[in-house]
file final17.txt (compact mmCIF, C-alpha atoms)
# COMPACT_ATOMS: atom_id res chain seq x y z
CA MET B 140 0.00 0.00 0.00
CA GLU B 141 1.23 3.47 -0.93
CA SER B 142 -0.05 6.66 0.66
CA SER B 143 0.24 10.20 -0.63
CA PHE B 144 -1.55 13.53 -0.79
CA ILE B 145 -3.24 14.63 -4.00
CA GLN B 146 -4.71 17.98 -4.93
CA LEU B 147 -8.39 18.10 -5.87
CA ALA B 148 -9.42 21.66 -6.80
CA THR B 149 -8.47 23.69 -3.70
CA ARG B 150 -8.42 20.69 -1.33
CA ARG B 151 -5.57 18.34 -0.45
CA ILE B 152 -6.72 14.76 0.06
CA PHE B 153 -4.91 11.82 1.63
CA LEU B 154 -5.10 8.83 -0.72
CA ARG B 155 -4.21 5.19 -0.06
CA THR B 156 -3.46 3.08 -3.11
CA MET B 157 -2.53 -0.46 -4.06
CA LEU B 158 -1.16 -0.66 -7.59
CA ASN B 159 0.04 -3.55 -9.73
CA VAL B 160 3.21 -3.31 -11.78
CA ASN B 161 1.00 -3.46 -14.86
CA GLN B 162 -1.97 -1.11 -14.46
CA SER B 163 -5.35 -2.84 -14.50
CA GLN B 164 -8.09 -1.84 -16.93
CA THR B 165 -10.66 -1.66 -14.15
CA VAL B 166 -9.99 0.22 -10.91
CA THR B 167 -11.80 -0.06 -7.57
CA LEU B 168 -12.61 3.07 -5.57
CA LEU B 169 -13.62 2.65 -1.93
CA LEU B 170 -16.04 5.05 -0.22
CA ALA B 171 -15.47 4.83 3.52
CA PRO B 172 -17.85 5.11 6.48
CA PHE B 173 -18.06 8.27 8.59
CA ALA B 174 -16.12 9.12 11.75
CA GLU B 175 -15.44 6.25 14.17
CA GLU B 176 -16.99 3.68 11.81
CA MET B 177 -14.24 4.56 9.35
CA ASN B 178 -11.64 3.68 11.99
CA LYS B 179 -13.42 0.40 12.75
CA SER B 180 -13.38 -0.64 9.10
CA ARG B 181 -10.01 0.56 7.85
CA HIS B 182 -8.39 -2.85 8.41
CA LEU B 183 -11.14 -4.47 6.31
CA SER B 184 -10.61 -1.96 3.52
CA ARG B 185 -6.91 -2.76 3.54
CA GLN B 186 -7.65 -6.50 3.36
CA LEU B 187 -9.96 -5.94 0.40
CA MET B 188 -7.37 -3.85 -1.42
CA THR B 189 -4.68 -6.47 -0.75
CA GLY B 190 -6.94 -9.20 -2.10
CA LEU B 191 -7.73 -7.18 -5.22
CA LEU B 192 -4.02 -6.55 -5.74
CA GLY B 193 -3.47 -10.32 -5.72
CA GLN B 194 -6.09 -10.60 -8.48
CA GLY B 195 -4.38 -7.92 -10.60
CA GLN B 196 -6.77 -5.07 -9.80
CA ASP B 197 -5.69 -1.59 -8.66
CA SER B 198 -7.59 0.16 -5.86
CA PHE B 199 -7.84 3.57 -4.20
CA LEU B 200 -9.15 4.68 -0.80
CA PRO B 201 -9.44 8.45 -0.19
CA ASP B 202 -9.88 10.09 3.19
CA ALA B 203 -12.60 12.68 2.70
CA TRP B 204 -11.55 16.29 3.17
CA GLY B 205 -11.77 17.24 6.84
CA THR B 206 -11.59 13.62 8.01
CA GLY B 207 -8.87 11.07 8.61
CA ASP B 208 -5.46 12.27 7.43
CA SER B 209 -6.72 14.70 4.79
CA ASP B 210 -6.42 18.45 5.18
CA GLY B 211 -9.31 20.60 6.31
CA ASP B 212 -11.51 20.83 9.39
CA LEU B 213 -14.70 18.81 9.73
CA ASP B 214 -16.67 21.79 11.04
CA GLN B 215 -16.02 23.56 7.72
CA VAL B 216 -17.07 20.64 5.50
CA SER B 217 -20.10 20.07 3.31
CA VAL B 218 -20.89 16.79 1.59
CA LEU B 219 -21.07 18.82 -1.61
CA ASP B 220 -17.29 19.23 -1.24
CA TRP B 221 -16.97 15.45 -0.94
CA ARG B 222 -19.12 14.90 -4.03
CA GLN B 223 -16.94 17.27 -6.04
CA ASP B 224 -13.78 15.57 -4.77
CA LEU B 225 -15.04 12.13 -5.80
CA THR B 226 -15.84 13.43 -9.27
CA LEU B 227 -12.40 15.03 -9.61
CA LEU B 228 -10.69 11.86 -8.38
CA LEU B 229 -12.59 9.79 -10.93
CA GLN B 230 -11.46 12.24 -13.62
CA GLN B 231 -7.86 11.73 -12.52
CA LEU B 232 -8.29 7.95 -12.65
CA ARG B 233 -9.69 8.26 -16.19
CA ASP B 234 -6.74 10.44 -17.17
CA ARG B 235 -4.37 7.79 -15.79
CA GLY B 236 -5.79 5.35 -18.34
CA TYR B 237 -8.35 3.30 -16.40
CA LYS B 238 -11.31 2.20 -18.51
CA LYS B 239 -13.93 1.22 -15.89
CA VAL B 240 -14.53 1.69 -12.18
CA ASN B 241 -15.87 -0.52 -9.40
CA LEU B 242 -17.34 1.33 -6.41
CA VAL B 243 -17.27 -0.24 -2.94
CA ALA B 244 -19.34 1.79 -0.50
CA SER B 245 -19.50 1.11 3.22
CA ARG B 246 -22.14 2.52 5.61
CA PHE B 247 -22.24 6.33 5.08
CA GLY B 248 -20.21 5.79 1.91
CA ALA B 249 -23.34 4.26 0.36
CA LEU B 250 -25.19 7.56 0.81
CA GLN B 251 -22.33 9.30 -0.97
CA LEU B 252 -22.51 6.73 -3.76
CA PHE B 253 -26.28 7.10 -4.28
CA ASP B 254 -25.95 10.88 -4.28
CA LEU B 255 -23.05 10.78 -6.75
CA LEU B 256 -24.89 8.48 -9.17
CA ALA B 257 -28.10 10.53 -8.91
CA THR B 258 -26.47 13.89 -9.55
CA THR B 259 -23.30 13.33 -11.59
CA GLU B 260 -22.32 11.86 -14.92
CA LEU B 261 -19.43 9.61 -13.97
CA PRO B 262 -16.12 10.29 -15.75
CA LEU B 263 -15.59 6.50 -15.97
CA PRO B 264 -18.10 3.79 -16.91
CA LEU B 265 -19.44 2.01 -13.84
CA ASN B 266 -18.48 -1.67 -13.89
CA SER B 267 -19.95 -2.95 -10.62
CA VAL B 268 -21.01 -1.90 -7.11
CA VAL B 269 -20.51 -3.53 -3.71
CA LEU B 270 -22.34 -2.26 -0.62
CA TRP B 271 -21.20 -3.05 2.91
CA GLN B 272 -23.96 -2.55 5.49
CA PRO B 273 -25.28 0.51 3.64
CA TYR B 274 -27.29 3.41 4.96
CA LEU B 275 -30.14 3.92 2.51
CA GLN B 276 -31.46 7.26 3.75
CA SER B 277 -29.66 10.27 5.17
CA SER B 278 -32.36 10.77 7.82
CA ILE B 279 -31.57 7.36 9.33
CA PHE B 280 -27.84 8.15 9.36
CA LEU B 281 -28.48 11.45 11.15
CA GLN B 282 -30.72 9.74 13.70
CA GLN B 283 -27.93 7.29 14.49
CA LEU B 284 -25.39 10.11 14.70
CA PHE B 285 -27.48 12.09 17.19
CA ARG B 286 -28.15 8.94 19.23
CA LEU B 287 -24.43 8.76 19.96
CA LYS B 288 -24.64 12.16 21.67
CA ILE B 289 -27.89 11.25 23.43
CA ALA B 290 -26.28 8.09 24.84
CA GLU B 291 -23.18 10.05 25.86
CA GLN B 292 -25.34 12.52 27.79
CA MET B 293 -27.37 9.77 29.44
CA ALA B 294 -24.15 8.17 30.68
CA VAL B 295 -23.42 11.30 32.77
CA GLY B 296 -26.99 11.73 33.96
CA ASN B 297 -28.16 14.30 31.42
CA LYS B 298 -31.13 14.01 29.10
CA THR B 299 -31.32 15.45 25.63
CA SER B 300 -33.08 14.77 22.33
CA GLN B 301 -32.36 15.06 18.64
CA LYS B 302 -34.53 18.17 18.49
CA GLU B 303 -32.54 19.82 21.28
CA LEU B 304 -29.27 18.91 19.59
CA GLU B 305 -30.48 20.37 16.32
CA GLN B 306 -31.32 23.57 18.18
CA GLN B 307 -27.80 23.62 19.65
CA LEU B 308 -26.42 23.41 16.12
CA ASN B 309 -28.12 26.74 15.39
CA GLU B 310 -25.83 28.27 18.01
CA GLY B 311 -22.59 26.54 17.07
CA ILE B 312 -20.64 23.30 16.91
CA VAL B 313 -21.85 20.17 18.70
CA GLU B 314 -19.19 17.59 19.53
CA ILE B 315 -20.39 14.03 18.89
CA ALA B 316 -18.11 11.11 19.72
CA GLY B 317 -15.15 13.46 19.57
CA TYR B 318 -16.03 14.95 16.18
CA PRO B 319 -17.07 18.61 15.68
CA ILE B 320 -20.42 18.54 13.89
CA SER B 321 -21.73 21.73 12.30
CA GLN B 322 -25.18 22.74 11.17
CA HIS B 323 -23.67 23.24 7.71
CA LEU B 324 -22.58 19.59 7.55
CA VAL B 325 -25.87 18.22 8.94
CA ARG B 326 -27.94 20.28 6.52
CA SER B 327 -25.87 19.13 3.55
CA ILE B 328 -26.23 15.48 4.64
CA SER B 329 -30.00 15.88 4.89
CA LEU B 330 -30.05 17.04 1.25
CA LEU B 331 -28.20 13.99 -0.12
CA GLN B 332 -30.05 12.19 -2.90
CA ASP B 333 -30.94 8.63 -1.83
CA ILE B 334 -31.81 5.44 -3.70
CA SER B 335 -35.22 6.79 -4.68
CA ALA B 336 -33.45 9.32 -6.93
CA LEU B 337 -31.23 6.84 -8.78
CA PRO B 338 -31.48 6.96 -12.59
CA ALA B 339 -32.37 3.96 -14.72
CA ILE B 340 -29.11 3.98 -16.70
CA TYR B 341 -27.39 1.51 -14.33
CA ARG B 342 -29.92 -1.33 -14.65
CA GLN B 343 -27.35 -3.61 -16.26
CA VAL B 344 -24.65 -2.86 -13.68
CA PRO B 345 -24.08 -5.74 -11.21
CA LEU B 346 -24.54 -4.78 -7.56
CA LEU B 347 -23.88 -6.91 -4.47
CA TRP B 348 -25.24 -5.92 -1.06
CA LEU B 349 -23.36 -7.63 1.77
CA GLU B 350 -25.20 -7.45 5.10
CA THR B 351 -23.59 -8.80 8.28
CA SER B 352 -25.91 -9.84 11.10
CA MET B 353 -26.27 -12.25 13.99
CA LEU B 354 -29.87 -12.85 12.87
CA PRO B 355 -30.67 -15.78 10.55
CA ASN B 356 -32.96 -13.93 8.13
CA ILE B 357 -33.01 -10.76 6.07
CA SER B 358 -34.68 -7.83 7.85
CA PRO B 359 -37.75 -6.00 6.45
CA VAL B 360 -35.60 -2.88 6.00
CA CYS B 361 -33.17 -4.82 3.80
CA GLU B 362 -36.03 -6.40 1.85
CA LYS B 363 -37.46 -2.97 1.09
CA GLY B 364 -34.05 -1.61 0.15
CA MET B 365 -33.36 -4.53 -2.17
CA ALA B 366 -36.71 -4.01 -3.90
CA GLN B 367 -35.66 -0.42 -4.61
CA LEU B 368 -32.13 -1.29 -5.70
CA SER B 369 -33.39 -4.06 -7.99
CA GLN B 370 -35.21 -1.40 -10.01
CA CYS B 371 -31.89 0.40 -10.66
CA PHE B 372 -29.24 -2.36 -10.79
CA ALA B 373 -28.77 -6.05 -11.46
CA ALA B 374 -28.81 -6.45 -7.69
CA LYS B 375 -27.94 -9.39 -5.45
CA PHE B 376 -28.12 -9.70 -1.67
CA GLN B 377 -25.96 -11.85 0.59
CA LEU B 378 -26.50 -12.25 4.33
CA LEU B 379 -23.32 -12.93 6.31
CA GLN B 380 -23.33 -14.26 9.86
CA GLY B 381 -21.17 -12.29 12.26
CA PRO B 382 -20.83 -9.37 14.70
CA ALA B 383 -21.28 -5.73 13.77
CA TRP B 384 -17.75 -4.96 12.56
CA TRP B 385 -18.57 -1.23 12.20
CA ASN B 386 -19.29 -0.52 15.89
CA THR B 387 -17.73 -3.20 18.10
CA SER B 388 -15.30 -2.14 20.84
CA GLU B 389 -12.56 -4.34 19.36
CA LEU B 390 -11.63 -4.61 15.69
CA VAL B 391 -13.55 -7.50 14.13
CA GLN B 392 -12.39 -9.68 11.26
CA SER B 393 -14.84 -10.64 8.53
CA PRO B 394 -13.13 -13.00 6.08
CA GLU B 395 -16.40 -13.88 4.34
CA LEU B 396 -17.09 -10.18 3.69
CA ILE B 397 -13.69 -9.78 2.06
CA ALA B 398 -13.84 -13.04 0.07
CA SER B 399 -17.34 -12.35 -1.29
CA SER B 400 -16.34 -8.82 -2.29
CA ILE B 401 -13.19 -9.96 -4.10
CA ASP B 402 -15.01 -12.75 -5.93
CA PHE B 403 -17.69 -10.35 -7.10
CA LEU B 404 -15.36 -7.53 -8.10
CA THR B 405 -13.00 -9.78 -10.03
CA GLY B 406 -15.81 -11.58 -11.83
CA VAL B 407 -15.44 -15.02 -10.25
CA THR B 408 -19.10 -15.14 -9.28
CA ALA B 409 -20.42 -11.93 -10.85
call {"tool": "encode", "arguments": {"input": "final17.txt", "output": "structure tokens"}}
result
Amino acid sequence: MESSFIQLATRRIFLRTMLNVNQSQTVTLLLAPFAEEMNKSRHLSRQLMTGLLGQGQDSFLPDAWGTGDSDGDLDQVSVLDWRQDLTLLLQQLRDRGYKKVNLVASRFGALQLFDLLATTELPLPLNSVVLWQPYLQSSIFLQQLFRLKIAEQMAVGNKTSQKELEQQLNEGIVEIAGYPISQHLVRSISLLQDISALPAIYRQVPLLWLETSMLPNISPVCEKGMAQLSQCFAAKFQLLQGPAWWNTSELVQSPELIASSIDFLTGVTA
């Protein structure tokens, strides 16, 4: 794995790459989760990239501006900045000679992916999509984000609500799980286009949704989401048995998640 900073418009982004000696025709771009979930999944992203390298496929993992090792401050960020950066990065990948792109989106990264596909003409043809435990609606993501602060307050004997936290955002920054969250960021997240806005042009594109759960059956939420995705992609769903790798206290391995993703992205089972 190589790591370097790249310039995208006025923003400097930290980019992790795994590149073969001979450049692959298809490249995989990973869209990471948000905040602490990104930290919980970085080892899985690395394992995926290593596996793809062994199959002759190049891959890239950017840290969004204002997060991770990239420049910028999170309280100054809008997801519109992140959308523009993804588009510019895809343009750079096209200019480097790649012919197609696979997109692997994890958790919040899925919201970014849906928004990108609904609003932007991709610089590279989309080859396939893999979703890891995706958020399907920005409102659900924001509910979960505010619940972290609500739980934090309850632990010290204070009570609050999402409505009260939203009111606090009108007055300034609210720190949630150690991250400075601004009203500007929350408002831009709420305006993300979700799966209901996806165009019909990707109906032939293979998509694999990988859902990890300790439950034996697919949930109603996943069933509804798959019904929507099946109208926009050649979609498949796979339920994996295991703990919630995105929010456990210790880093969790998920070899089946990695193996299924590699098989799908390299065409073994696609």
call {"tool": "atom_distance", "arguments": {"input": "final17.txt", "atom1": "atom CA of B:Leu192", "atom2": "atom CA of B:Thr165"}}
result
11.8 Å
call {"tool": "closest_residue", "arguments": {"input": "final17.txt", "among": "B:Leu281, B:Leu154, B:Leu228, B:Leu263", "to": "B:Val240", "atoms": "only C-alpha atoms"}}
result
B:Leu263
call {"tool": "atom_distance", "arguments": {"input": "final17.txt", "atom1": "atom CA of B:Leu349", "atom2": "atom CA of B:Leu379"}}
result
7.0 Å
call {"tool": "atom_distance", "arguments": {"input": "final17.txt", "atom1": "atom CA of B:Leu191", "atom2": "atom CA of B:Ile334"}}
result
27.2 Å
call {"tool": "closest_residue", "arguments": {"input": "final17.txt", "among": "B:Ser245, B:Thr206, B:Gln306, B:Thr405", "to": "B:Trp221", "atoms": "all atoms listed in the file"}}
result
B:Thr206
call {"tool": "residues_around", "arguments": {"input": "final17.txt", "residues": "stretch 141-151 of chain B", "least_positions_apart": "5", "cutoff": "10 Å", "atoms": "only C-alpha atoms", "output": "mmCIF file with C-alpha atoms, in the frame of the given file"}}
result
data_model
loop_
_atom_site.group_PDB
_atom_site.id
_atom_site.type_symbol
_atom_site.label_atom_id
_atom_site.label_comp_id
_atom_site.auth_asym_id
_atom_site.auth_seq_id
_atom_site.Cartn_x
_atom_site.Cartn_y
_atom_site.Cartn_z
ATOM 1 C CA THR B 156 -3.460 3.080 -3.110
ATOM 2 C CA MET B 157 -2.530 -0.460 -4.060
ATOM 3 C CA LEU B 158 -1.160 -0.660 -7.590
ATOM 4 C CA PHE B 199 -7.840 3.570 -4.200
ATOM 5 C CA LEU B 200 -9.150 4.680 -0.800
ATOM 6 C CA PRO B 201 -9.440 8.450 -0.190
ATOM 7 C CA ASP B 202 -9.880 10.090 3.190
ATOM 8 C CA ALA B 203 -12.600 12.680 2.700
ATOM 9 C CA TRP B 204 -11.550 16.290 3.170
ATOM 10 C CA GLY B 205 -11.770 17.240 6.840
ATOM 11 C CA ASP B 208 -5.460 12.270 7.430
ATOM 12 C CA SER B 209 -6.720 14.700 4.790
ATOM 13 C CA ASP B 210 -6.420 18.450 5.180
ATOM 14 C CA GLY B 211 -9.310 20.600 6.310
ATOM 15 C CA ASP B 220 -17.290 19.230 -1.240
ATOM 16 C CA GLN B 223 -16.940 17.270 -6.040
ATOM 17 C CA ASP B 224 -13.780 15.570 -4.770
ATOM 18 C CA LEU B 225 -15.040 12.130 -5.800
ATOM 19 C CA THR B 226 -15.840 13.430 -9.270
ATOM 20 C CA LEU B 227 -12.400 15.030 -9.610
ATOM 21 C CA LEU B 228 -10.690 11.860 -8.380
ATOM 22 C CA GLN B 231 -7.860 11.730 -12.520
#
call {"tool": "residues_near_point", "arguments": {"input": "final17.txt", "point": "(-22.3, -8.0, -9.0)", "cutoff": "8 Å", "atoms": "all atoms listed in the file", "output": "number ranges by chain"}}
result
B: 267-269, 344-347, 373-375, 403-404, 406, 408-409
call {"tool": "residues_around", "arguments": {"input": "final17.txt", "residues": "stretch 286-295 of chain B", "least_positions_apart": "2", "cutoff": "12 Å", "atoms": "only C-alpha atoms", "output": "list in words"}}
result
Ala174, Glu175, Ile279, Phe280, Leu281, Gln282, Gln283, Leu284, Asn297, Lys298, Thr299, Ser300, Gln301, Lys302, Glu303, Leu304, Glu305, Val313, Glu314, Ile315, Ala316, Gly317, Tyr318, Pro319, Ile320 and Asn386 of chain B
call {"tool": "closest_residue", "arguments": {"input": "final17.txt", "among": "B:Leu337, B:Leu270, B:Leu256, B:Leu187", "to": "B:Ile397", "atoms": "all atoms listed in the file"}}
result
B:Leu187
call {"tool": "closest_residue", "arguments": {"input": "final17.txt", "among": "B:Ser327, B:Ser180, B:Gln162, B:Thr189", "to": "B:Ala398", "atoms": "all atoms listed in the file"}}
result
B:Thr189
